Amino acid sequence: MFWRMVKGALFRQKGKMLMIAFTIALGASLATAMLNVMLDVGDKVNQELKTYGANINVVPKEASLLGDLYGVEEGSGVSDKYLKESELGNIKTIFWAFNIVDFAPYLETRVSLNSQSDSIELVGTWFKHHLSLPTGESLDTGMKNMKSWWEVSGDWLSDEDESQVMIGSLVAGRNNIKIGDTIAIHSKNQTKKLVVKGIFNSGSDEDNQIYVPLKVAQELIGRQGLVSRVEVSALTTPDNELSRKAAQNPKSLSIKEWETWYCTAYVSSISYQIEEVMTDSVAKPIRQVAESEGAILEKTQLLMLLITILSLIGSALGISNLVTASVMERSSEIGLLKAVGAHDSLISLLILTEILITGIVGGIAGYFAGLGFAQIIGQSVFGSAIEIKPLVIPLVAVLVLLVTIAGSLPSIRLLLSLRPAEVLHGR
Amino acid sequence: MKKQAMYFKMVTSSLIRRRSRMLVALLAVAIGATILSGLITIYYDIPRQMGKEFRSYGANLIFVPSGDQSTLSASTIKKATGFFPSNNIVGIAPYRYETVKLNEQPFMAAGTDLKEVKKVSPYWYITGQWPANNGAVLIGKEVADLIHLSPGDTFTATGTNGAGEKFSHDFTVSGLVQTGGAEEAFIFMSLPDLEGIMGDSDQVDVVECSIAASEAALGGMVKQIGENVPEITPRLVKRVTQSEQTVLGKLQALVYLVTVIVLLLTMICVSTTMMAVVTERRKEIGLKKALGAANKSIIMEFLGEGLFLGGSGGVLGVILGFLFAQVVSQNVFSRSISFQPLLIPITLVVSICITGLACLIPVRRATDIEPAIVLRGE
């Protein structure tokens with residue numbers, strides 16, 4: 001009998017129940033979309049912040065930046081001041097391999113251009129290098145992805161273009177070089193003639209440099225299989241107390257702290273793991289990038305959290321509003337039920353069951369609609385799909401349940417206090 | 001006059017008599033308006049607020065001497081910085097580089113305004129203290145490792161000054177600098193200190209500026225300075241400006257989309273609530289019609305109620321929305337938000353239109369029905 005009454009109410013008041021279900025669906029879809037976007041926004045913004053370039057710099061042990069300033073490195077040529085090209089793939093095999101977005105090796109040397117007396121810096125690198133890992137995976141990595149702000153007229157070099165170069169805008173301007181020109185490069189041991197494929201404007205010191213594929217640079221200075229530094233771009237977690245302590249000296253941590261630190265994607269722990277897989281290397285976090293990323297990520301997440309809370313409160317109030325309004329309408333029906341002798345508890349149960357069934361139907365429909373909204377946001381803002389988090393399902397379910405019950409309780413209390421005779425009379 | 005008074009009485013009494021129901025509707029409208037004004041305020045303030053956060057990436061504009069000149073003088077720098085809007089300047093740090101010798105090894109010493117450096121490069125990780133008095137310096141981590149110095153130690157710098165005479169000067173290490181970049185191989189001291197040992201002044205090699213502005217605005221400033229101060233070549237630090245533009249653009253687009261979706265949903269919520277409130281008054285409409293009221297006057301009455309609800313809900317929404325935006329801004333950015341006066345009329349108009357429309361649809365349907373049928377309850 002109870003279920004027949006519920007069924008009857010649901011079908012007889014189809015329009016009204018549909019409206020409640022629709023509102024609940026709207027609220028649930030909003031909650032689903034916002035929660036999914038909020039939980040994923042960290043990763044997405046982190047990915048965007050990668051346009052700031054590398055956040056870890058790997059250099060050989062003992063090598064000092066003083067060489068850059070005075071050119072004293074020239075001629076010293078000790079092989080232990082280099083990293084091995086063959087070990088580069090190892091970077092993608094560390095514990096946080098998944099967080100390594102891109103990396104590019106560099107081999108720098110000074111050469112003279114077109115038999116001028118002033119020397120100029122030549123850099124060999126990977127532009128977009130296909131790398132097969134010992135694990136069987138393969139990836140494309142290199143400088144092209146990491147220098148997204150470069151303005152290149154002409155074309156980017158590819159790693160197979162061994163007879164071509166890319167030159168900085170300042171070099172090109174000083175020497176009046178245009179795309180398609182042939183330039184002669186003299187190192188100590190040999191001379192190479194190369195065709196200019198592209199001229200780039202980076203807005204920094206790189207505009208004074210010449211870029212060639214790594215192999216060409218290695219041949220020029222006779223350092224086969226060696227690189228002088230590696231830039232790594234990694235997704236990292238913002239620093240906290242623990243990571244700062246670890247950055248100063250990882251050995252000062254207790255075993256438990258050390259495990260937590262090692263298994264969290266702090267920039268310091270990723271650097272540490274890179275040092276483990278590259279012989280005689282020092283991996284230094286570039287604080288300018290690492291620190292700022294943390295700050296901006298935190299702000300964005302907090303911002304999204306607050307907006308989510310606002311929209312959740314908004315949809316919760318909206319739903320309970322409508323539920324209250326629609327339950328109150330049924331005063332004459334309740335009055336009749338009371339007049340024929342129904343208990344208060346039975347009436348409350350009846351109304352609650354109806355509303356909950358409607359709420360569940362609306363909630364399920366809303367959840368899927370919300371997934372759609374989240375994908376629309378992901379695709380149009382970040383150009384990639386938003387990851388669907390299972391955590392959202394119980395959150396939305398609890399929200400819908402709480403809101404529908406909270407919305408119907410005050411009106412039920414009001415209805416129960418009514419006198420059947422008055423209600424039926426129509427007052 | 002009498003007709004108007006009657007109309008007014010009908011509208012107000014219907015609002016007062018059905019207090020709880022009307023409060024429900026008012027609440028719905030107010031929530032919608034709050035979300036509208038709150039989110040739009042945040043949307044407009046994001047570039048300004050986030051732009052300030054992005055300044056933690058360091059300088060986005062540098063001055064270098066143009067042409068044959070090798071240094072910049074203080075007066076030209078002052079002239080050039082005059083082109084920046086003073087509210088947007090985060091920090092301007094001049095640098096002068098000279099070679100000094102420590103233990104007979106050459107090192108680069110940079111003379112600068114350390115207070116400004118702290119603002120321009122907030123990412124510097126200092127072990128120890130920022131120098132407070134003359135003779136105190138910051139040294140790069142690499143320099144410290146090489147000659148085994150730690151905060152509190154003193155060292156002697158030697159070298160030849162601008163006039164070709166030998167100098168020898170004692171400094172105290174106040175802190176170590178870690179950046180992961182080239183800065184770790186430098187010694188940083190205040191500009192007067194460096195000028196003191198070099199024996200000349202008014203020579204700066206490069207000026208780092210951190211300006212809170214979009215890439216386009218910065219481009220405009222670069223052009224202006226280039227034209228008006230020929231001694232200086234201003235250059236944008238592309239890596240910073242361009243990336244900031246991309247990330248800020250995405251963030252704003254995100255909030256924009258979220259605002260649109262939330263708005264759509266709240267609009268639907270408001271109109272469903274209003275529809276529910278009006279639909280239950282079909283009996284009343286029937287009665288009025290039976291008493292001889294014209295459709296038009298019934299519609300006018302409901303419209304009056306809708307306008308009142310929309311207006312008061314809108315006013316509430318403007319206030320609550322601004323408070324919400326303020327709370328968000330205080331919590332996220334620890335700064336207060338700027339109020340957009342234009343939002344008051346927009347929020348009011350939108351909420352009045354929505355409630356009005358949401359009332360009209362069910363009222364129209366109700367007025368089409370024969371009074372007898374409605375009154376009988378079918």
# chains A, B, ... in the order shown; residues from 1 in each chain; ligands from 1
call {"tool": "select_by_dssp", "arguments": {"residues": "range 369-405 of chain A", "states": "alpha helix (DSSP H)", "output": "ChimeraX atom specification"}}
result
/A:369-377,392-405
call {"tool": "write_last_selection", "arguments": {"atoms": "N, CA and C atoms", "output": "PDB file, in the first residue's frame"}}
result
ATOM      1  N   ALA A 369      25.515  14.855 -16.445  1.00  0.00           N
ATOM      2  CA  ALA A 369      25.536  16.163 -17.116  1.00  0.00           C
ATOM      3  C   ALA A 369      26.746  16.964 -16.642  1.00  0.00           C
ATOM      4  N   GLY A 370      27.040  16.858 -15.329  1.00  0.00           N
ATOM      5  CA  GLY A 370      28.169  17.586 -14.759  1.00  0.00           C
ATOM      6  C   GLY A 370      29.495  17.148 -15.352  1.00  0.00           C
ATOM      7  N   LEU A 371      29.623  15.828 -15.597  1.00  0.00           N
ATOM      8  CA  LEU A 371      30.846  15.344 -16.240  1.00  0.00           C
ATOM      9  C   LEU A 371      31.001  16.026 -17.593  1.00  0.00           C
ATOM     10  N   GLY A 372      29.875  16.174 -18.301  1.00  0.00           N
ATOM     11  CA  GLY A 372      29.902  16.858 -19.599  1.00  0.00           C
ATOM     12  C   GLY A 372      30.383  18.296 -19.444  1.00  0.00           C
ATOM     13  N   PHE A 373      29.817  19.008 -18.453  1.00  0.00           N
ATOM     14  CA  PHE A 373      30.229  20.408 -18.209  1.00  0.00           C
ATOM     15  C   PHE A 373      31.730  20.483 -17.936  1.00  0.00           C
ATOM     16  N   ALA A 374      32.210  19.551 -17.099  1.00  0.00           N
ATOM     17  CA  ALA A 374      33.629  19.566 -16.735  1.00  0.00           C
ATOM     18  C   ALA A 374      34.485  19.399 -17.981  1.00  0.00           C
ATOM     19  N   GLN A 375      34.061  18.497 -18.864  1.00  0.00           N
ATOM     20  CA  GLN A 375      34.854  18.288 -20.086  1.00  0.00           C
ATOM     21  C   GLN A 375      34.817  19.532 -20.975  1.00  0.00           C
ATOM     22  N   ILE A 376      33.648  20.199 -21.025  1.00  0.00           N
ATOM     23  CA  ILE A 376      33.569  21.430 -21.825  1.00  0.00           C
ATOM     24  C   ILE A 376      34.585  22.440 -21.288  1.00  0.00           C
ATOM     25  N   ILE A 377      34.610  22.600 -19.964  1.00  0.00           N
ATOM     26  CA  ILE A 377      35.562  23.546 -19.364  1.00  0.00           C
ATOM     27  C   ILE A 377      36.990  23.125 -19.689  1.00  0.00           C
ATOM     28  N   VAL A 392      34.446  12.308  -6.362  1.00  0.00           N
ATOM     29  CA  VAL A 392      33.348  13.260  -6.524  1.00  0.00           C
ATOM     30  C   VAL A 392      31.995  12.579  -6.308  1.00  0.00           C
ATOM     31  N   ILE A 393      31.893  11.278  -6.676  1.00  0.00           N
ATOM     32  CA  ILE A 393      30.589  10.595  -6.609  1.00  0.00           C
ATOM     33  C   ILE A 393      30.010  10.612  -5.182  1.00  0.00           C
ATOM     34  N   PRO A 394      30.749  10.099  -4.177  1.00  0.00           N
ATOM     35  CA  PRO A 394      30.164  10.161  -2.825  1.00  0.00           C
ATOM     36  C   PRO A 394      29.898  11.590  -2.364  1.00  0.00           C
ATOM     37  N   LEU A 395      30.770  12.525  -2.730  1.00  0.00           N
ATOM     38  CA  LEU A 395      30.560  13.921  -2.313  1.00  0.00           C
ATOM     39  C   LEU A 395      29.235  14.438  -2.838  1.00  0.00           C
ATOM     40  N   VAL A 396      28.993  14.208  -4.148  1.00  0.00           N
ATOM     41  CA  VAL A 396      27.752  14.695  -4.745  1.00  0.00           C
ATOM     42  C   VAL A 396      26.558  13.979  -4.146  1.00  0.00           C
ATOM     43  N   ALA A 397      26.702  12.654  -3.924  1.00  0.00           N
ATOM     44  CA  ALA A 397      25.590  11.874  -3.365  1.00  0.00           C
ATOM     45  C   ALA A 397      25.200  12.421  -2.001  1.00  0.00           C
ATOM     46  N   VAL A 398      26.205  12.622  -1.138  1.00  0.00           N
ATOM     47  CA  VAL A 398      25.925  13.139   0.202  1.00  0.00           C
ATOM     48  C   VAL A 398      25.278  14.519   0.101  1.00  0.00           C
ATOM     49  N   LEU A 399      25.797  15.335  -0.783  1.00  0.00           N
ATOM     50  CA  LEU A 399      25.274  16.683  -0.945  1.00  0.00           C
ATOM     51  C   LEU A 399      23.799  16.659  -1.343  1.00  0.00           C
ATOM     52  N   VAL A 400      23.485  15.834  -2.352  1.00  0.00           N
ATOM     53  CA  VAL A 400      22.099  15.775  -2.836  1.00  0.00           C
ATOM     54  C   VAL A 400      21.175  15.288  -1.720  1.00  0.00           C
ATOM     55  N   LEU A 401      21.608  14.223  -1.006  1.00  0.00           N
ATOM     56  CA  LEU A 401      20.779  13.675   0.067  1.00  0.00           C
ATOM     57  C   LEU A 401      20.524  14.720   1.143  1.00  0.00           C
ATOM     58  N   LEU A 402      21.610  15.334   1.617  1.00  0.00           N
ATOM     59  CA  LEU A 402      21.491  16.317   2.683  1.00  0.00           C
ATOM     60  C   LEU A 402      20.576  17.465   2.267  1.00  0.00           C
ATOM     61  N   VAL A 403      20.796  17.931   1.044  1.00  0.00           N
ATOM     62  CA  VAL A 403      20.061  19.104   0.607  1.00  0.00           C
ATOM     63  C   VAL A 403      18.574  18.797   0.446  1.00  0.00           C
ATOM     64  N   THR A 404      18.244  17.642  -0.125  1.00  0.00           N
ATOM     65  CA  THR A 404      16.818  17.341  -0.306  1.00  0.00           C
ATOM     66  C   THR A 404      16.145  17.140   1.046  1.00  0.00           C
ATOM     67  N   ILE A 405      16.818  16.415   1.941  1.00  0.00           N
ATOM     68  CA  ILE A 405      16.206  16.191   3.258  1.00  0.00           C
ATOM     69  C   ILE A 405      16.074  17.519   4.005  1.00  0.00           C
TER      70      ILE A 405
END
call {"tool": "closest_atom_pairs", "arguments": {"of": "chain B", "to": "chain A", "cutoff": "7 Å", "atoms": "only C-alpha atoms", "output": "JSON lines"}}
result
{"residue": "B:Val24", "atom": "CA", "partner": "A:Asn321", "partner_atom": "CA", "distance": 6.1}
{"residue": "B:Ala28", "atom": "CA", "partner": "A:Gly318", "partner_atom": "CA", "distance": 6.0}
{"residue": "B:Ile31", "atom": "CA", "partner": "A:Gly314", "partner_atom": "CA", "distance": 6.0}
{"residue": "B:Glu53", "atom": "CA", "partner": "A:Ile296", "partner_atom": "CA", "distance": 6.5}
{"residue": "B:Ser56", "atom": "CA", "partner": "A:Ser292", "partner_atom": "CA", "distance": 5.6}
{"residue": "B:Tyr57", "atom": "CA", "partner": "A:Gln288", "partner_atom": "CA", "distance": 5.7}
{"residue": "B:Tyr123", "atom": "CA", "partner": "A:Gln288", "partner_atom": "CA", "distance": 5.3}
{"residue": "B:Trp124", "atom": "CA", "partner": "A:Arg287", "partner_atom": "CA", "distance": 7.0}
{"residue": "B:Thr179", "atom": "CA", "partner": "A:Arg287", "partner_atom": "CA", "distance": 4.9}
{"residue": "B:Gly180", "atom": "CA", "partner": "A:Ile286", "partner_atom": "CA", "distance": 4.2}
{"residue": "B:Gly181", "atom": "CA", "partner": "A:Ile286", "partner_atom": "CA", "distance": 6.1}
{"residue": "B:Ala182", "atom": "CA", "partner": "A:Leu65", "partner_atom": "CA", "distance": 6.7}
{"residue": "B:Ala185", "atom": "CA", "partner": "A:Leu65", "partner_atom": "CA", "distance": 6.5}
{"residue": "B:Leu236", "atom": "CA", "partner": "A:Gly203", "partner_atom": "CA", "distance": 6.2}
{"residue": "B:Val237", "atom": "CA", "partner": "A:Gly203", "partner_atom": "CA", "distance": 5.3}
{"residue": "B:Lys238", "atom": "CA", "partner": "A:Gly203", "partner_atom": "CA", "distance": 4.9}
{"residue": "B:Arg239", "atom": "CA", "partner": "A:Trp149", "partner_atom": "CA", "distance": 5.7}
{"residue": "B:Val240", "atom": "CA", "partner": "A:Tyr52", "partner_atom": "CA", "distance": 6.7}
{"residue": "B:Gln242", "atom": "CA", "partner": "A:Trp149", "partner_atom": "CA", "distance": 6.2}
{"residue": "B:Ser243", "atom": "CA", "partner": "A:Thr51", "partner_atom": "CA", "distance": 5.6}
{"residue": "B:Val247", "atom": "CA", "partner": "A:Glu48", "partner_atom": "CA", "distance": 6.0}
{"residue": "B:Lys250", "atom": "CA", "partner": "A:Val381", "partner_atom": "CA", "distance": 5.8}
{"residue": "B:Ala253", "atom": "CA", "partner": "A:Val381", "partner_atom": "CA", "distance": 6.0}
{"residue": "B:Leu254", "atom": "CA", "partner": "A:Val381", "partner_atom": "CA", "distance": 5.8}
{"residue": "B:Leu257", "atom": "CA", "partner": "A:Ile377", "partner_atom": "CA", "distance": 6.6}
{"residue": "B:Val262", "atom": "CA", "partner": "A:Ser311", "partner_atom": "CA", "distance": 6.7}
{"residue": "B:Leu265", "atom": "CA", "partner": "A:Leu26", "partner_atom": "CA", "distance": 6.3}
{"residue": "B:Cys269", "atom": "CA", "partner": "A:Gly318", "partner_atom": "CA", "distance": 5.8}
{"residue": "B:Thr273", "atom": "CA", "partner": "A:Leu322", "partner_atom": "CA", "distance": 5.4}
{"residue": "B:Ala276", "atom": "CA", "partner": "A:Ala325", "partner_atom": "CA", "distance": 6.8}
{"residue": "B:Val277", "atom": "CA", "partner": "A:Ala325", "partner_atom": "CA", "distance": 6.9}
{"residue": "B:Glu280", "atom": "CA", "partner": "A:Glu329", "partner_atom": "CA", "distance": 6.6}
{"residue": "B:Val328", "atom": "CA", "partner": "A:Leu306", "partner_atom": "CA", "distance": 6.5}
{"residue": "B:Val332", "atom": "CA", "partner": "A:Lys299", "partner_atom": "CA", "distance": 5.7}
call {"tool": "write_last_selection", "arguments": {"atoms": "N, CA and C atoms", "output": "tab-separated table (two decimals), in the first residue's frame"}}
result
chain	number	residue	atom	x	y	z
B	24	VAL	N	11.03	32.69	0.59
B	24	VAL	CA	11.70	31.63	-0.16
B	24	VAL	C	12.12	32.16	-1.54
B	28	ALA	N	15.90	32.91	-3.17
B	28	ALA	CA	16.39	32.36	-4.45
B	28	ALA	C	16.97	33.47	-5.31
B	31	ILE	N	20.28	34.76	-3.92
B	31	ILE	CA	21.41	33.86	-4.15
B	31	ILE	C	21.92	34.02	-5.58
B	53	GLU	N	50.88	38.24	-8.23
B	53	GLU	CA	51.50	36.98	-7.81
B	53	GLU	C	52.58	36.58	-8.80
B	56	SER	N	56.44	37.20	-8.72
B	56	SER	CA	57.45	36.44	-7.99
B	56	SER	C	58.39	35.72	-8.96
B	57	TYR	N	58.09	35.75	-10.25
B	57	TYR	CA	59.02	35.21	-11.24
B	57	TYR	C	60.20	36.15	-11.49
B	123	TYR	N	62.23	35.19	-5.09
B	123	TYR	CA	62.50	33.76	-5.06
B	123	TYR	C	63.88	33.43	-4.52
B	124	TRP	N	64.72	34.45	-4.27
B	124	TRP	CA	66.05	34.18	-3.72
B	124	TRP	C	65.90	33.51	-2.37
B	179	THR	N	69.84	30.26	-5.75
B	179	THR	CA	68.78	30.48	-6.75
B	179	THR	C	68.74	29.35	-7.77
B	180	GLY	N	69.79	28.54	-7.85
B	180	GLY	CA	69.86	27.53	-8.89
B	180	GLY	C	70.33	28.11	-10.20
B	181	GLY	N	70.59	29.41	-10.25
B	181	GLY	CA	71.02	30.05	-11.49
B	181	GLY	C	72.38	30.70	-11.34
B	182	ALA	N	72.69	31.60	-12.25
B	182	ALA	CA	74.01	32.21	-12.31
B	182	ALA	C	74.31	33.06	-11.07
B	185	ALA	N	77.11	32.49	-8.28
B	185	ALA	CA	78.55	32.70	-8.43
B	185	ALA	C	78.91	34.16	-8.20
B	236	LEU	N	62.16	43.44	-23.12
B	236	LEU	CA	61.24	42.60	-22.38
B	236	LEU	C	61.91	41.26	-22.10
B	237	VAL	N	61.70	40.72	-20.90
B	237	VAL	CA	62.16	39.37	-20.63
B	237	VAL	C	61.05	38.45	-21.11
B	238	LYS	N	61.19	38.00	-22.34
B	238	LYS	CA	60.12	37.26	-23.02
B	238	LYS	C	59.63	36.06	-22.25
B	239	ARG	N	60.60	35.31	-21.71
B	239	ARG	CA	60.25	34.09	-21.01
B	239	ARG	C	59.19	34.36	-19.95
B	240	VAL	N	59.36	35.49	-19.24
B	240	VAL	CA	58.44	35.81	-18.15
B	240	VAL	C	57.15	36.42	-18.68
B	242	GLN	N	55.70	36.47	-21.72
B	242	GLN	CA	54.84	35.67	-22.58
B	242	GLN	C	54.15	34.56	-21.81
B	243	SER	N	54.90	33.91	-20.91
B	243	SER	CA	54.32	32.81	-20.15
B	243	SER	C	53.24	33.34	-19.22
B	247	VAL	N	49.36	31.90	-19.06
B	247	VAL	CA	48.75	31.31	-17.88
B	247	VAL	C	47.60	32.17	-17.38
B	250	LYS	N	44.52	31.70	-19.52
B	250	LYS	CA	43.82	30.44	-19.26
B	250	LYS	C	43.01	30.55	-17.98
B	253	ALA	N	39.97	32.61	-18.52
B	253	ALA	CA	38.99	31.86	-19.31
B	253	ALA	C	38.29	30.84	-18.43
B	254	LEU	N	39.04	30.23	-17.51
B	254	LEU	CA	38.45	29.24	-16.62
B	254	LEU	C	37.37	29.87	-15.76
B	257	LEU	N	34.29	30.79	-17.85
B	257	LEU	CA	33.40	29.67	-18.18
B	257	LEU	C	32.61	29.23	-16.96
B	262	VAL	N	27.69	28.62	-13.90
B	262	VAL	CA	27.02	28.83	-12.61
B	262	VAL	C	25.84	29.77	-12.78
B	265	LEU	N	22.87	28.06	-14.45
B	265	LEU	CA	22.19	27.17	-13.52
B	265	LEU	C	21.39	27.95	-12.48
B	269	CYS	N	17.44	27.91	-11.67
B	269	CYS	CA	16.95	27.67	-10.31
B	269	CYS	C	15.98	28.77	-9.88
B	273	THR	N	11.92	28.23	-9.15
B	273	THR	CA	11.32	28.61	-7.87
B	273	THR	C	10.17	29.59	-8.09
B	276	ALA	N	7.17	27.85	-9.48
B	276	ALA	CA	6.46	27.08	-8.47
B	276	ALA	C	5.61	28.01	-7.62
B	277	VAL	N	6.18	29.15	-7.26
B	277	VAL	CA	5.45	30.09	-6.39
B	277	VAL	C	4.21	30.62	-7.12
B	280	GLU	N	1.20	27.87	-7.82
B	280	GLU	CA	0.27	27.51	-6.73
B	280	GLU	C	-0.80	28.58	-6.53
B	328	VAL	N	36.98	36.19	-0.66
B	328	VAL	CA	37.85	35.39	-1.54
B	328	VAL	C	39.19	36.10	-1.71
B	332	VAL	N	42.62	34.52	-0.56
B	332	VAL	CA	43.53	34.01	-1.58
B	332	VAL	C	44.72	34.93	-1.76
call {"tool": "select_by_dssp", "arguments": {"residues": "range 1-131 of chain B", "states": "strand (DSSP E)", "output": "count of residues only"}}
result
31
call {"tool": "closest_residue", "arguments": {"among": "A:Val227, A:Ala265, A:Val6, A:Leu350", "to": "Lys84 in chain A", "atoms": "only C-alpha atoms"}}
result
A:Val227
call {"tool": "residues_around", "arguments": {"residues": "Leu263 in chain B", "least_positions_apart": "2", "cutoff": "10 Å", "atoms": "only C-alpha atoms", "output": "number ranges by chain"}}
result
A: 311; B: 32-33, 35-36, 39, 257-261, 265-269
call {"tool": "write_last_selection", "arguments": {"atoms": "N, CA and C atoms", "output": "JSON list (two decimals), in the first residue's frame"}}
result
[["chain", "number", "residue", "atom", "x", "y", "z"],
["A", 311, "SER", "N", 29.38, 28.14, -5.32],
["A", 311, "SER", "CA", 28.37, 27.57, -6.22],
["A", 311, "SER", "C", 27.66, 26.39, -5.56],
["B", 32, "GLY", "N", 20.97, 34.04, -6.52],
["B", 32, "GLY", "CA", 21.36, 34.21, -7.92],
["B", 32, "GLY", "C", 22.15, 35.49, -8.12],
["B", 33, "ALA", "N", 21.64, 36.59, -7.55],
["B", 33, "ALA", "CA", 22.30, 37.88, -7.73],
["B", 33, "ALA", "C", 23.67, 37.89, -7.05],
["B", 35, "ILE", "N", 25.69, 35.36, -6.63],
["B", 35, "ILE", "CA", 26.64, 34.62, -7.46],
["B", 35, "ILE", "C", 27.05, 35.46, -8.67],
["B", 36, "LEU", "N", 26.06, 36.10, -9.27],
["B", 36, "LEU", "CA", 26.36, 36.94, -10.44],
["B", 36, "LEU", "C", 27.39, 38.02, -10.10],
["B", 39, "LEU", "N", 30.96, 36.58, -8.70],
["B", 39, "LEU", "CA", 31.85, 35.96, -9.68],
["B", 39, "LEU", "C", 32.36, 36.98, -10.69],
["B", 257, "LEU", "N", 34.29, 30.79, -17.85],
["B", 257, "LEU", "CA", 33.40, 29.67, -18.18],
["B", 257, "LEU", "C", 32.61, 29.23, -16.96],
["B", 258, "VAL", "N", 33.32, 29.12, -15.83],
["B", 258, "VAL", "CA", 32.65, 28.71, -14.60],
["B", 258, "VAL", "C", 31.54, 29.71, -14.27],
["B", 259, "THR", "N", 31.85, 31.01, -14.42],
["B", 259, "THR", "CA", 30.84, 32.02, -14.14],
["B", 259, "THR", "C", 29.62, 31.82, -15.02],
["B", 260, "VAL", "N", 29.85, 31.60, -16.32],
["B", 260, "VAL", "CA", 28.72, 31.44, -17.23],
["B", 260, "VAL", "C", 27.87, 30.24, -16.84],
["B", 261, "ILE", "N", 28.54, 29.11, -16.55],
["B", 261, "ILE", "CA", 27.78, 27.90, -16.22],
["B", 261, "ILE", "C", 27.01, 28.09, -14.91],
["B", 265, "LEU", "N", 22.87, 28.06, -14.45],
["B", 265, "LEU", "CA", 22.19, 27.17, -13.52],
["B", 265, "LEU", "C", 21.39, 27.95, -12.48],
["B", 266, "THR", "N", 22.00, 29.03, -11.95],
["B", 266, "THR", "CA", 21.24, 29.76, -10.92],
["B", 266, "THR", "C", 20.02, 30.44, -11.55],
["B", 267, "MET", "N", 20.17, 30.90, -12.79],
["B", 267, "MET", "CA", 19.01, 31.50, -13.46],
["B", 267, "MET", "C", 17.88, 30.49, -13.55],
["B", 268, "ILE", "N", 18.23, 29.27, -13.94],
["B", 268, "ILE", "CA", 17.18, 28.25, -14.07],
["B", 268, "ILE", "C", 16.57, 27.97, -12.69],
["B", 269, "CYS", "N", 17.44, 27.91, -11.67],
["B", 269, "CYS", "CA", 16.95, 27.67, -10.31],
["B", 269, "CYS", "C", 15.98, 28.77, -9.88]]
call {"tool": "closest_residue", "arguments": {"among": "A:Ile91, A:Gly198, A:Gln190, A:Gly180", "to": "Glu219 in chain A", "atoms": "only C-alpha atoms"}}
result
A:Gln190
